[in-house]
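*Asks:* File follows, target.txt with compact mmCIF, N, CA and C atoms:
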# COMPACT_ATOMS: atom_id res chain seq x y z
N MET A 292 -75.86 12.06 -74.88
CA MET A 292 -77.07 12.67 -74.32
C MET A 292 -76.72 14.09 -73.92
N ALA A 293 -77.62 14.98 -74.13
CA ALA A 293 -77.43 16.37 -73.71
C ALA A 293 -78.01 16.58 -72.32
N ASN A 294 -77.61 17.65 -71.66
CA ASN A 294 -78.19 17.98 -70.37
C ASN A 294 -79.70 18.04 -70.48
N ALA A 295 -80.39 17.65 -69.39
CA ALA A 295 -81.85 17.61 -69.45
C ALA A 295 -82.47 17.85 -68.08
N LEU A 296 -83.69 18.37 -68.10
CA LEU A 296 -84.49 18.52 -66.89
C LEU A 296 -85.49 17.36 -66.85
N TYR A 297 -85.70 16.81 -65.65
CA TYR A 297 -86.66 15.72 -65.49
C TYR A 297 -88.08 16.29 -65.50
N PRO A 298 -89.01 15.64 -66.21
CA PRO A 298 -90.39 16.13 -66.27
C PRO A 298 -91.07 16.24 -64.90
N ASN A 299 -90.77 15.33 -63.99
CA ASN A 299 -91.37 15.40 -62.66
C ASN A 299 -90.95 16.67 -61.92
N PHE A 300 -89.74 17.14 -62.19
CA PHE A 300 -89.28 18.41 -61.61
C PHE A 300 -90.12 19.56 -62.15
N LYS A 301 -90.36 19.57 -63.44
CA LYS A 301 -91.16 20.64 -64.04
C LYS A 301 -92.54 20.70 -63.39
N ASN A 302 -93.13 19.54 -63.18
CA ASN A 302 -94.43 19.47 -62.51
C ASN A 302 -94.33 19.99 -61.08
N SER A 303 -93.25 19.64 -60.38
CA SER A 303 -93.06 20.09 -59.00
C SER A 303 -92.89 21.59 -58.90
N ILE A 304 -92.28 22.21 -59.90
CA ILE A 304 -92.15 23.67 -59.92
C ILE A 304 -93.53 24.30 -60.14
N LEU A 305 -94.26 23.76 -61.11
CA LEU A 305 -95.57 24.33 -61.44
C LEU A 305 -96.58 24.20 -60.31
N THR A 306 -96.42 23.17 -59.49
CA THR A 306 -97.36 22.96 -58.39
C THR A 306 -96.79 23.45 -57.05
N LYS A 307 -95.72 24.23 -57.11
CA LYS A 307 -95.11 24.88 -55.94
C LYS A 307 -94.64 23.89 -54.88
N GLN A 308 -94.19 22.72 -55.30
CA GLN A 308 -93.66 21.74 -54.36
C GLN A 308 -92.16 21.92 -54.12
N ILE A 309 -91.49 22.61 -55.04
CA ILE A 309 -90.05 22.87 -54.91
C ILE A 309 -89.79 24.36 -55.07
N ASP A 310 -88.99 24.90 -54.14
CA ASP A 310 -88.55 26.28 -54.23
C ASP A 310 -87.03 26.24 -54.40
N MET A 311 -86.55 26.50 -55.60
CA MET A 311 -85.14 26.39 -55.91
C MET A 311 -84.29 27.40 -55.13
N SER A 312 -84.88 28.48 -54.68
CA SER A 312 -84.13 29.49 -53.92
C SER A 312 -83.87 29.08 -52.49
N THR A 313 -84.85 28.46 -51.85
CA THR A 313 -84.75 28.20 -50.41
C THR A 313 -84.58 26.73 -50.03
N ASP A 314 -85.04 25.82 -50.85
CA ASP A 314 -84.96 24.39 -50.52
C ASP A 314 -83.53 23.88 -50.72
N SER A 315 -83.20 22.80 -50.01
CA SER A 315 -81.88 22.18 -50.17
C SER A 315 -81.85 21.37 -51.46
N ILE A 316 -80.93 21.73 -52.36
CA ILE A 316 -80.76 21.04 -53.63
C ILE A 316 -79.43 20.30 -53.57
N GLN A 317 -79.45 19.03 -53.85
CA GLN A 317 -78.28 18.17 -53.77
C GLN A 317 -77.74 17.86 -55.17
N ALA A 318 -76.43 17.67 -55.24
CA ALA A 318 -75.77 17.22 -56.47
C ALA A 318 -75.09 15.90 -56.15
N VAL A 319 -75.17 14.96 -57.08
CA VAL A 319 -74.51 13.67 -56.89
C VAL A 319 -73.88 13.25 -58.21
N LEU A 320 -72.70 12.65 -58.12
CA LEU A 320 -72.04 12.09 -59.29
C LEU A 320 -72.65 10.73 -59.58
N VAL A 321 -72.82 10.40 -60.87
CA VAL A 321 -73.33 9.08 -61.24
C VAL A 321 -72.35 8.39 -62.18
N ASN A 322 -72.37 7.06 -62.12
CA ASN A 322 -71.45 6.26 -62.92
C ASN A 322 -72.01 5.93 -64.30
N ASN A 323 -71.24 5.19 -65.07
CA ASN A 323 -71.62 4.86 -66.45
C ASN A 323 -72.84 3.95 -66.55
N SER A 324 -73.23 3.32 -65.46
CA SER A 324 -74.40 2.43 -65.50
C SER A 324 -75.72 3.20 -65.50
N TYR A 325 -75.69 4.45 -65.08
CA TYR A 325 -76.92 5.24 -65.04
C TYR A 325 -77.25 5.78 -66.42
N THR A 326 -78.51 5.63 -66.80
CA THR A 326 -79.02 6.18 -68.05
C THR A 326 -80.21 7.08 -67.75
N PHE A 327 -80.15 8.31 -68.23
CA PHE A 327 -81.24 9.25 -68.04
C PHE A 327 -82.53 8.68 -68.64
N SER A 328 -83.63 8.92 -67.94
CA SER A 328 -84.95 8.57 -68.47
C SER A 328 -85.96 9.59 -67.97
N ASN A 329 -86.85 10.03 -68.87
CA ASN A 329 -87.94 10.93 -68.48
C ASN A 329 -88.85 10.29 -67.45
N ALA A 330 -88.83 8.96 -67.36
CA ALA A 330 -89.69 8.24 -66.43
C ALA A 330 -89.14 8.22 -65.01
N HIS A 331 -87.87 8.57 -64.82
CA HIS A 331 -87.29 8.56 -63.49
C HIS A 331 -87.89 9.69 -62.65
N LEU A 332 -88.28 9.35 -61.42
CA LEU A 332 -88.96 10.31 -60.57
C LEU A 332 -88.13 10.78 -59.38
N THR A 333 -87.54 9.84 -58.63
CA THR A 333 -86.86 10.20 -57.40
C THR A 333 -85.45 9.63 -57.32
N TYR A 334 -84.65 10.27 -56.47
CA TYR A 334 -83.26 9.87 -56.26
C TYR A 334 -83.19 8.42 -55.78
N ALA A 335 -83.92 8.10 -54.72
CA ALA A 335 -83.82 6.77 -54.11
C ALA A 335 -84.22 5.67 -55.09
N ALA A 336 -85.25 5.90 -55.87
CA ALA A 336 -85.76 4.87 -56.77
C ALA A 336 -84.94 4.72 -58.05
N SER A 337 -84.31 5.78 -58.50
CA SER A 337 -83.72 5.75 -59.84
C SER A 337 -82.22 6.00 -59.92
N VAL A 338 -81.65 6.69 -58.95
CA VAL A 338 -80.26 7.13 -59.08
C VAL A 338 -79.33 6.55 -58.02
N ALA A 339 -79.81 6.36 -56.80
CA ALA A 339 -78.96 6.00 -55.66
C ALA A 339 -78.04 4.82 -55.94
N ALA A 340 -78.52 3.81 -56.64
CA ALA A 340 -77.70 2.61 -56.91
C ALA A 340 -76.50 2.91 -57.79
N ASN A 341 -76.54 4.02 -58.53
CA ASN A 341 -75.45 4.38 -59.44
C ASN A 341 -74.68 5.62 -58.97
N ALA A 342 -74.90 6.03 -57.73
CA ALA A 342 -74.22 7.21 -57.19
C ALA A 342 -72.78 6.88 -56.85
N ILE A 343 -71.92 7.86 -57.05
CA ILE A 343 -70.51 7.76 -56.67
C ILE A 343 -70.31 8.70 -55.49
N GLY A 344 -69.98 8.15 -54.34
CA GLY A 344 -69.79 8.97 -53.15
C GLY A 344 -71.10 9.51 -52.61
N SER A 345 -70.98 10.50 -51.78
CA SER A 345 -72.14 11.11 -51.13
C SER A 345 -72.60 12.36 -51.87
N PRO A 346 -73.90 12.63 -51.83
CA PRO A 346 -74.40 13.88 -52.42
C PRO A 346 -73.83 15.09 -51.68
N VAL A 347 -73.77 16.21 -52.40
CA VAL A 347 -73.27 17.47 -51.86
C VAL A 347 -74.35 18.54 -52.06
N ALA A 348 -74.62 19.32 -51.03
CA ALA A 348 -75.61 20.40 -51.14
C ALA A 348 -75.04 21.55 -51.96
N LEU A 349 -75.86 22.10 -52.86
CA LEU A 349 -75.44 23.27 -53.62
C LEU A 349 -75.46 24.49 -52.69
N ALA A 350 -74.45 25.33 -52.85
CA ALA A 350 -74.33 26.52 -51.99
C ALA A 350 -74.57 27.79 -52.78
N ASN A 351 -75.12 28.78 -52.10
CA ASN A 351 -75.35 30.11 -52.67
C ASN A 351 -76.12 30.04 -53.99
N LYS A 352 -77.28 29.40 -53.90
CA LYS A 352 -78.13 29.25 -55.08
C LYS A 352 -78.72 30.58 -55.51
N VAL A 353 -78.87 30.75 -56.83
CA VAL A 353 -79.45 31.98 -57.38
C VAL A 353 -80.45 31.61 -58.46
N VAL A 354 -81.66 32.11 -58.32
CA VAL A 354 -82.68 31.98 -59.35
C VAL A 354 -82.87 33.36 -59.95
N SER A 355 -82.69 33.45 -61.26
CA SER A 355 -82.77 34.76 -61.93
C SER A 355 -83.54 34.62 -63.23
N VAL A 356 -84.71 35.19 -63.27
CA VAL A 356 -85.63 35.14 -64.40
C VAL A 356 -85.89 33.69 -64.80
N ASP A 357 -85.07 33.13 -65.70
CA ASP A 357 -85.31 31.76 -66.16
C ASP A 357 -84.09 30.86 -65.99
N THR A 358 -83.14 31.26 -65.13
CA THR A 358 -81.94 30.45 -64.93
C THR A 358 -81.74 30.07 -63.47
N PHE A 359 -81.00 28.98 -63.27
CA PHE A 359 -80.63 28.53 -61.94
C PHE A 359 -79.12 28.40 -61.89
N ASP A 360 -78.52 28.92 -60.80
CA ASP A 360 -77.07 28.87 -60.65
C ASP A 360 -76.74 28.63 -59.18
N ALA A 361 -75.49 28.26 -58.93
CA ALA A 361 -74.97 28.07 -57.58
C ALA A 361 -73.45 28.12 -57.66
N ASP A 362 -72.82 28.11 -56.50
CA ASP A 362 -71.36 28.04 -56.49
C ASP A 362 -70.90 26.74 -57.13
N ASP A 363 -69.68 26.75 -57.67
CA ASP A 363 -69.09 25.52 -58.17
C ASP A 363 -69.10 24.50 -57.03
N THR A 364 -69.18 23.22 -57.38
CA THR A 364 -69.39 22.17 -56.39
C THR A 364 -68.20 21.23 -56.31
N THR A 365 -67.73 20.96 -55.10
CA THR A 365 -66.61 20.04 -54.89
C THR A 365 -67.11 18.75 -54.25
N PHE A 366 -66.78 17.63 -54.87
CA PHE A 366 -67.08 16.31 -54.33
C PHE A 366 -65.79 15.78 -53.71
N PRO A 367 -65.78 15.57 -52.39
CA PRO A 367 -64.52 15.20 -51.72
C PRO A 367 -64.16 13.72 -51.90
N ALA A 368 -62.86 13.48 -52.01
CA ALA A 368 -62.28 12.13 -51.98
C ALA A 368 -63.04 11.12 -52.85
N VAL A 369 -63.16 11.42 -54.14
CA VAL A 369 -63.87 10.53 -55.06
C VAL A 369 -63.01 9.29 -55.32
N THR A 370 -63.61 8.14 -55.19
CA THR A 370 -62.92 6.86 -55.31
C THR A 370 -62.06 6.79 -56.56
N SER A 371 -60.83 6.37 -56.37
CA SER A 371 -59.90 6.22 -57.49
C SER A 371 -60.45 5.22 -58.51
N GLY A 372 -60.45 5.59 -59.77
CA GLY A 372 -60.92 4.72 -60.84
C GLY A 372 -62.42 4.81 -61.11
N ALA A 373 -63.16 5.53 -60.28
CA ALA A 373 -64.61 5.66 -60.51
C ALA A 373 -64.86 6.41 -61.80
N ASN A 374 -65.68 5.85 -62.67
CA ASN A 374 -66.03 6.49 -63.95
C ASN A 374 -67.23 7.38 -63.75
N ILE A 375 -67.01 8.68 -63.80
CA ILE A 375 -68.07 9.67 -63.56
C ILE A 375 -68.66 10.07 -64.90
N LYS A 376 -69.92 9.73 -65.09
CA LYS A 376 -70.61 10.01 -66.34
C LYS A 376 -71.29 11.38 -66.32
N ALA A 377 -71.88 11.71 -65.17
CA ALA A 377 -72.72 12.92 -65.11
C ALA A 377 -72.93 13.34 -63.66
N VAL A 378 -73.60 14.49 -63.53
CA VAL A 378 -74.06 14.98 -62.23
C VAL A 378 -75.58 15.03 -62.29
N VAL A 379 -76.22 14.56 -61.24
CA VAL A 379 -77.67 14.64 -61.12
C VAL A 379 -78.00 15.56 -59.96
N LEU A 380 -78.92 16.48 -60.19
CA LEU A 380 -79.41 17.36 -59.13
C LEU A 380 -80.77 16.85 -58.68
N TYR A 381 -81.00 16.92 -57.36
CA TYR A 381 -82.31 16.50 -56.85
C TYR A 381 -82.67 17.30 -55.61
N HIS A 382 -83.96 17.31 -55.30
CA HIS A 382 -84.51 18.01 -54.14
C HIS A 382 -84.31 17.12 -52.92
N GLN A 383 -83.61 17.65 -51.91
CA GLN A 383 -83.24 16.81 -50.76
C GLN A 383 -84.45 16.24 -50.03
N THR A 384 -85.45 17.03 -49.75
CA THR A 384 -86.57 16.58 -48.94
C THR A 384 -87.45 15.55 -49.65
N SER A 385 -87.83 15.82 -50.88
CA SER A 385 -88.74 14.92 -51.60
C SER A 385 -88.02 13.88 -52.44
N GLY A 386 -86.75 14.13 -52.76
CA GLY A 386 -86.00 13.23 -53.63
C GLY A 386 -86.29 13.43 -55.11
N VAL A 387 -87.15 14.39 -55.43
CA VAL A 387 -87.52 14.63 -56.83
C VAL A 387 -86.26 14.97 -57.64
N LEU A 388 -86.08 14.26 -58.75
CA LEU A 388 -84.95 14.53 -59.64
C LEU A 388 -85.19 15.83 -60.38
N ILE A 389 -84.13 16.64 -60.49
CA ILE A 389 -84.24 17.96 -61.11
C ILE A 389 -83.57 18.01 -62.47
N ALA A 390 -82.27 17.72 -62.49
CA ALA A 390 -81.51 17.88 -63.73
C ALA A 390 -80.46 16.79 -63.88
N TYR A 391 -80.21 16.43 -65.13
CA TYR A 391 -79.15 15.50 -65.51
C TYR A 391 -78.15 16.31 -66.32
N ILE A 392 -76.90 16.35 -65.87
CA ILE A 392 -75.89 17.18 -66.53
C ILE A 392 -74.69 16.32 -66.88
N ASP A 393 -74.50 16.10 -68.18
CA ASP A 393 -73.38 15.26 -68.62
C ASP A 393 -72.45 15.98 -69.59
N THR A 394 -72.74 17.23 -69.87
CA THR A 394 -71.86 18.01 -70.73
C THR A 394 -71.42 19.25 -69.96
N GLY A 395 -70.19 19.60 -70.10
CA GLY A 395 -69.66 20.76 -69.41
C GLY A 395 -68.24 20.49 -68.96
N ALA A 396 -67.64 21.49 -68.39
CA ALA A 396 -66.25 21.38 -67.95
C ALA A 396 -66.09 20.27 -66.92
N GLY A 397 -65.17 19.37 -67.19
CA GLY A 397 -64.86 18.31 -66.23
C GLY A 397 -65.69 17.05 -66.35
N LEU A 398 -66.57 16.96 -67.33
CA LEU A 398 -67.40 15.76 -67.50
C LEU A 398 -67.22 15.19 -68.90
N PRO A 399 -67.15 13.89 -69.03
CA PRO A 399 -67.01 12.89 -67.95
C PRO A 399 -65.64 12.99 -67.28
N ALA A 400 -65.48 12.25 -66.18
CA ALA A 400 -64.23 12.30 -65.43
C ALA A 400 -63.95 10.93 -64.80
N THR A 401 -62.75 10.78 -64.28
CA THR A 401 -62.36 9.57 -63.56
C THR A 401 -61.83 9.97 -62.20
N GLY A 402 -62.35 9.34 -61.16
CA GLY A 402 -61.89 9.63 -59.81
C GLY A 402 -60.45 9.22 -59.61
N ASN A 403 -59.73 9.99 -58.78
CA ASN A 403 -58.32 9.68 -58.51
C ASN A 403 -58.04 9.61 -57.01
N GLY A 404 -59.09 9.49 -56.23
CA GLY A 404 -58.95 9.47 -54.78
C GLY A 404 -58.99 10.86 -54.16
N GLY A 405 -58.88 11.88 -54.99
CA GLY A 405 -58.92 13.27 -54.52
C GLY A 405 -60.28 13.89 -54.79
N ASP A 406 -60.35 15.19 -54.62
CA ASP A 406 -61.59 15.93 -54.84
C ASP A 406 -61.84 16.09 -56.34
N ILE A 407 -63.12 16.10 -56.70
CA ILE A 407 -63.56 16.42 -58.07
C ILE A 407 -64.38 17.70 -57.97
N GLN A 408 -63.98 18.70 -58.73
CA GLN A 408 -64.74 19.95 -58.73
C GLN A 408 -65.50 20.08 -60.03
N ILE A 409 -66.77 20.41 -59.90
CA ILE A 409 -67.62 20.70 -61.05
C ILE A 409 -67.78 22.21 -61.12
N ASN A 410 -67.30 22.77 -62.20
CA ASN A 410 -67.41 24.21 -62.42
C ASN A 410 -68.63 24.46 -63.30
N TRP A 411 -69.68 24.96 -62.69
CA TRP A 411 -70.91 25.22 -63.43
C TRP A 411 -70.66 26.31 -64.47
N SER A 412 -71.43 26.27 -65.52
CA SER A 412 -71.28 27.22 -66.62
C SER A 412 -71.47 28.66 -66.15
N ASN A 413 -70.64 29.54 -66.67
CA ASN A 413 -70.81 30.97 -66.43
C ASN A 413 -71.48 31.65 -67.62
N ALA A 414 -71.89 30.84 -68.60
CA ALA A 414 -72.61 31.37 -69.76
C ALA A 414 -74.02 31.78 -69.32
N ALA A 415 -74.78 32.31 -70.22
CA ALA A 415 -76.12 32.81 -69.93
C ALA A 415 -77.05 31.73 -69.37
N THR A 416 -76.81 30.47 -69.71
CA THR A 416 -77.69 29.39 -69.26
C THR A 416 -77.39 28.91 -67.84
N LYS A 417 -76.21 29.27 -67.27
CA LYS A 417 -75.80 28.89 -65.92
C LYS A 417 -75.89 27.36 -65.75
N ILE A 418 -76.37 26.86 -64.59
CA ILE A 418 -76.49 25.41 -64.42
C ILE A 418 -77.57 24.88 -65.35
N PHE A 419 -78.71 25.55 -65.33
CA PHE A 419 -79.74 25.24 -66.34
C PHE A 419 -80.65 26.45 -66.54
N GLN A 420 -81.33 26.41 -67.65
CA GLN A 420 -82.25 27.48 -68.03
C GLN A 420 -83.58 26.85 -68.40
N LEU A 421 -84.66 27.46 -67.94
CA LEU A 421 -86.00 26.96 -68.27
C LEU A 421 -86.41 27.46 -69.64
Please express what this file holds, its structure, as structure tokens.

*Replies:*
Amino acid sequence: MANALYPNFKNSILTKQIDMSTDSIQAVLVNNSYTFSNAHLTYAASVAANAIGSPVALANKVVSVDTFDADDTTFPAVTSGANIKAVVLYHQTSGVLIAYIDTGAGLPATGNGGDIQINWSNAATKIFQL
């Protein structure tokens, strides 16, 4: 599967329910049991059962023309042996799913009890591009 944006996120942007610059955006690691679906709407309903560790807030977010970026993200003390399939981004307040990211540096990965760092792309598309 390639990286993807959730349709409900697109609707939330168009209806001004999410502000990617100012709202808290969370990143969470997901295991091999999670499968992306366009029908998935919120973190609690669709992703939480397959989360590895706790979500981490994205820092120093930047919205530029049609791209979204933030500082690289560190997930602390990821359980040893955890099979990390992807990273899911979601809006903290509403739980609206934003992006599914399974391709890029460091993905997939296996937890070793230490920190896992996700280095977001420095290419023109950054974390994602609309």

*Asks:* As an MDAnalysis selection string, please: the residues near range 347-362 of chain A (cut-off 7 Å, only N, CA and C atoms, same-chain neighbours under 2 positions excluded).

*Replies:* chainID A and resid 311:312 315:320 345 364:366 409:411 415:421

*Asks:* Would you list the contacts of Tyr334 in chain A as JSON, numbers by chain, taking every protein, DNA or RNA residue within 8 Å and counting all atoms listed in the file, but skipping same-chain residues closer than 5 positions in sequence?

*Replies:* {"A": [339, 340, 380, 381, 382, 385, 386, 387, 388, 389]}

*Asks:* Can you work out the spacing between atom C of Asn323 in chain A and atom C of Ala335 in chain A in Å, to one decimal?

*Replies:* 16.2 Å

*Asks:* What does the distance between atom C of Thr326 in chain A and atom C of Gly372 in chain A come to in Å, to one decimal place?

*Replies:*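 Those two atoms sit 19.1 Å apart.
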
*Asks:* Identify, on the basis of all atoms listed in the file, every residue whose closest approach to Ile375 in chain A does not exceed 7 Å; exclude the query and any residue fewer than 3 positions from it along the same chain; express the result as a ChimeraX atom specification.

*Replies:* /A:320-323,372,378,398-402

*Asks:* Do you have the CA of Asp406 in chain A-atom C of Ile343 in chain A distance handy?

*Replies:*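 Going from CA of Asp406 in chain A over to atom C of Ile343 in chain A, I get 11.3 Å.
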
*Asks:* Can you pull out every residue from range 341-371 of chain A that DSSP, working from the backbone, puts in strand (DSSP E), and format the result as a PDB file with N, CA and C atoms, in the frame of the given file?

*Replies:*
ATOM      1  N   ALA A 342     -74.900   6.030 -57.730  1.00  0.00           N
ATOM      2  CA  ALA A 342     -74.220   7.210 -57.190  1.00  0.00           C
ATOM      3  C   ALA A 342     -72.780   6.880 -56.850  1.00  0.00           C
ATOM      4  N   ILE A 343     -71.920   7.860 -57.050  1.00  0.00           N
ATOM      5  CA  ILE A 343     -70.510   7.760 -56.670  1.00  0.00           C
ATOM      6  C   ILE A 343     -70.310   8.700 -55.490  1.00  0.00           C
ATOM      7  N   GLY A 344     -69.980   8.150 -54.340  1.00  0.00           N
ATOM      8  CA  GLY A 344     -69.790   8.970 -53.150  1.00  0.00           C
ATOM      9  C   GLY A 344     -71.100   9.510 -52.610  1.00  0.00           C
ATOM     10  N   SER A 345     -70.980  10.500 -51.780  1.00  0.00           N
ATOM     11  CA  SER A 345     -72.140  11.110 -51.130  1.00  0.00           C
ATOM     12  C   SER A 345     -72.600  12.360 -51.870  1.00  0.00           C
ATOM     13  N   PRO A 346     -73.900  12.630 -51.830  1.00  0.00           N
ATOM     14  CA  PRO A 346     -74.400  13.880 -52.420  1.00  0.00           C
ATOM     15  C   PRO A 346     -73.830  15.090 -51.680  1.00  0.00           C
ATOM     16  N   VAL A 347     -73.770  16.210 -52.400  1.00  0.00           N
ATOM     17  CA  VAL A 347     -73.270  17.470 -51.860  1.00  0.00           C
ATOM     18  C   VAL A 347     -74.350  18.540 -52.060  1.00  0.00           C
ATOM     19  N   ALA A 348     -74.620  19.320 -51.030  1.00  0.00           N
ATOM     20  CA  ALA A 348     -75.610  20.400 -51.140  1.00  0.00           C
ATOM     21  C   ALA A 348     -75.040  21.550 -51.960  1.00  0.00           C
ATOM     22  N   VAL A 353     -78.870  30.750 -56.830  1.00  0.00           N
ATOM     23  CA  VAL A 353     -79.450  31.980 -57.380  1.00  0.00           C
ATOM     24  C   VAL A 353     -80.450  31.610 -58.460  1.00  0.00           C
ATOM     25  N   VAL A 354     -81.660  32.110 -58.320  1.00  0.00           N
ATOM     26  CA  VAL A 354     -82.680  31.980 -59.350  1.00  0.00           C
ATOM     27  C   VAL A 354     -82.870  33.360 -59.950  1.00  0.00           C
ATOM     28  N   SER A 355     -82.690  33.450 -61.260  1.00  0.00           N
ATOM     29  CA  SER A 355     -82.770  34.760 -61.930  1.00  0.00           C
ATOM     30  C   SER A 355     -83.540  34.620 -63.230  1.00  0.00           C
ATOM     31  N   THR A 358     -83.140  31.260 -65.130  1.00  0.00           N
ATOM     32  CA  THR A 358     -81.940  30.450 -64.930  1.00  0.00           C
ATOM     33  C   THR A 358     -81.740  30.070 -63.470  1.00  0.00           C
ATOM     34  N   PHE A 359     -81.000  28.980 -63.270  1.00  0.00           N
ATOM     35  CA  PHE A 359     -80.630  28.530 -61.940  1.00  0.00           C
ATOM     36  C   PHE A 359     -79.120  28.400 -61.890  1.00  0.00           C
ATOM     37  N   ASP A 360     -78.520  28.920 -60.800  1.00  0.00           N
ATOM     38  CA  ASP A 360     -77.070  28.870 -60.650  1.00  0.00           C
ATOM     39  C   ASP A 360     -76.740  28.630 -59.180  1.00  0.00           C
ATOM     40  N   THR A 364     -69.180  23.220 -57.380  1.00  0.00           N
ATOM     41  CA  THR A 364     -69.390  22.170 -56.390  1.00  0.00           C
ATOM     42  C   THR A 364     -68.200  21.230 -56.310  1.00  0.00           C
ATOM     43  N   THR A 365     -67.730  20.960 -55.100  1.00  0.00           N
ATOM     44  CA  THR A 365     -66.610  20.040 -54.890  1.00  0.00           C
ATOM     45  C   THR A 365     -67.110  18.750 -54.250  1.00  0.00           C
ATOM     46  N   PHE A 366     -66.780  17.630 -54.870  1.00  0.00           N
ATOM     47  CA  PHE A 366     -67.080  16.310 -54.330  1.00  0.00           C
ATOM     48  C   PHE A 366     -65.790  15.780 -53.710  1.00  0.00           C
TER      49      PHE A 366
END

*Asks:* Please list, as a ChimeraX atom specification, the residues that have an atom at most 8 Å away from (-73.7, 16.9, -72.6) in the coordinates of this file, counting only C-alpha atoms.

*Replies:* /A:292-294,392-395

*Asks:* Return as JSON the centre and edge lengths, in Å with one decimal, of the box along x, y and z that encloses every atom of range 324-330 of chain A in the file, padded by 6 Å per side.

*Replies:*
{"center_x": -81.5, "center_y": 6.7, "center_z": -66.9, "size_x": 28.5, "size_y": 20.5, "size_z": 15.9}

*Asks:* For a quick check of understanding, using only C-alpha atoms, which of A:Ile309, A:Ala414, A:Ala342, A:Leu296 has the smallest distance to Val369 in chain A?

*Replies:*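 For Val369 in chain A, the nearest of the candidates is A:Ala342.
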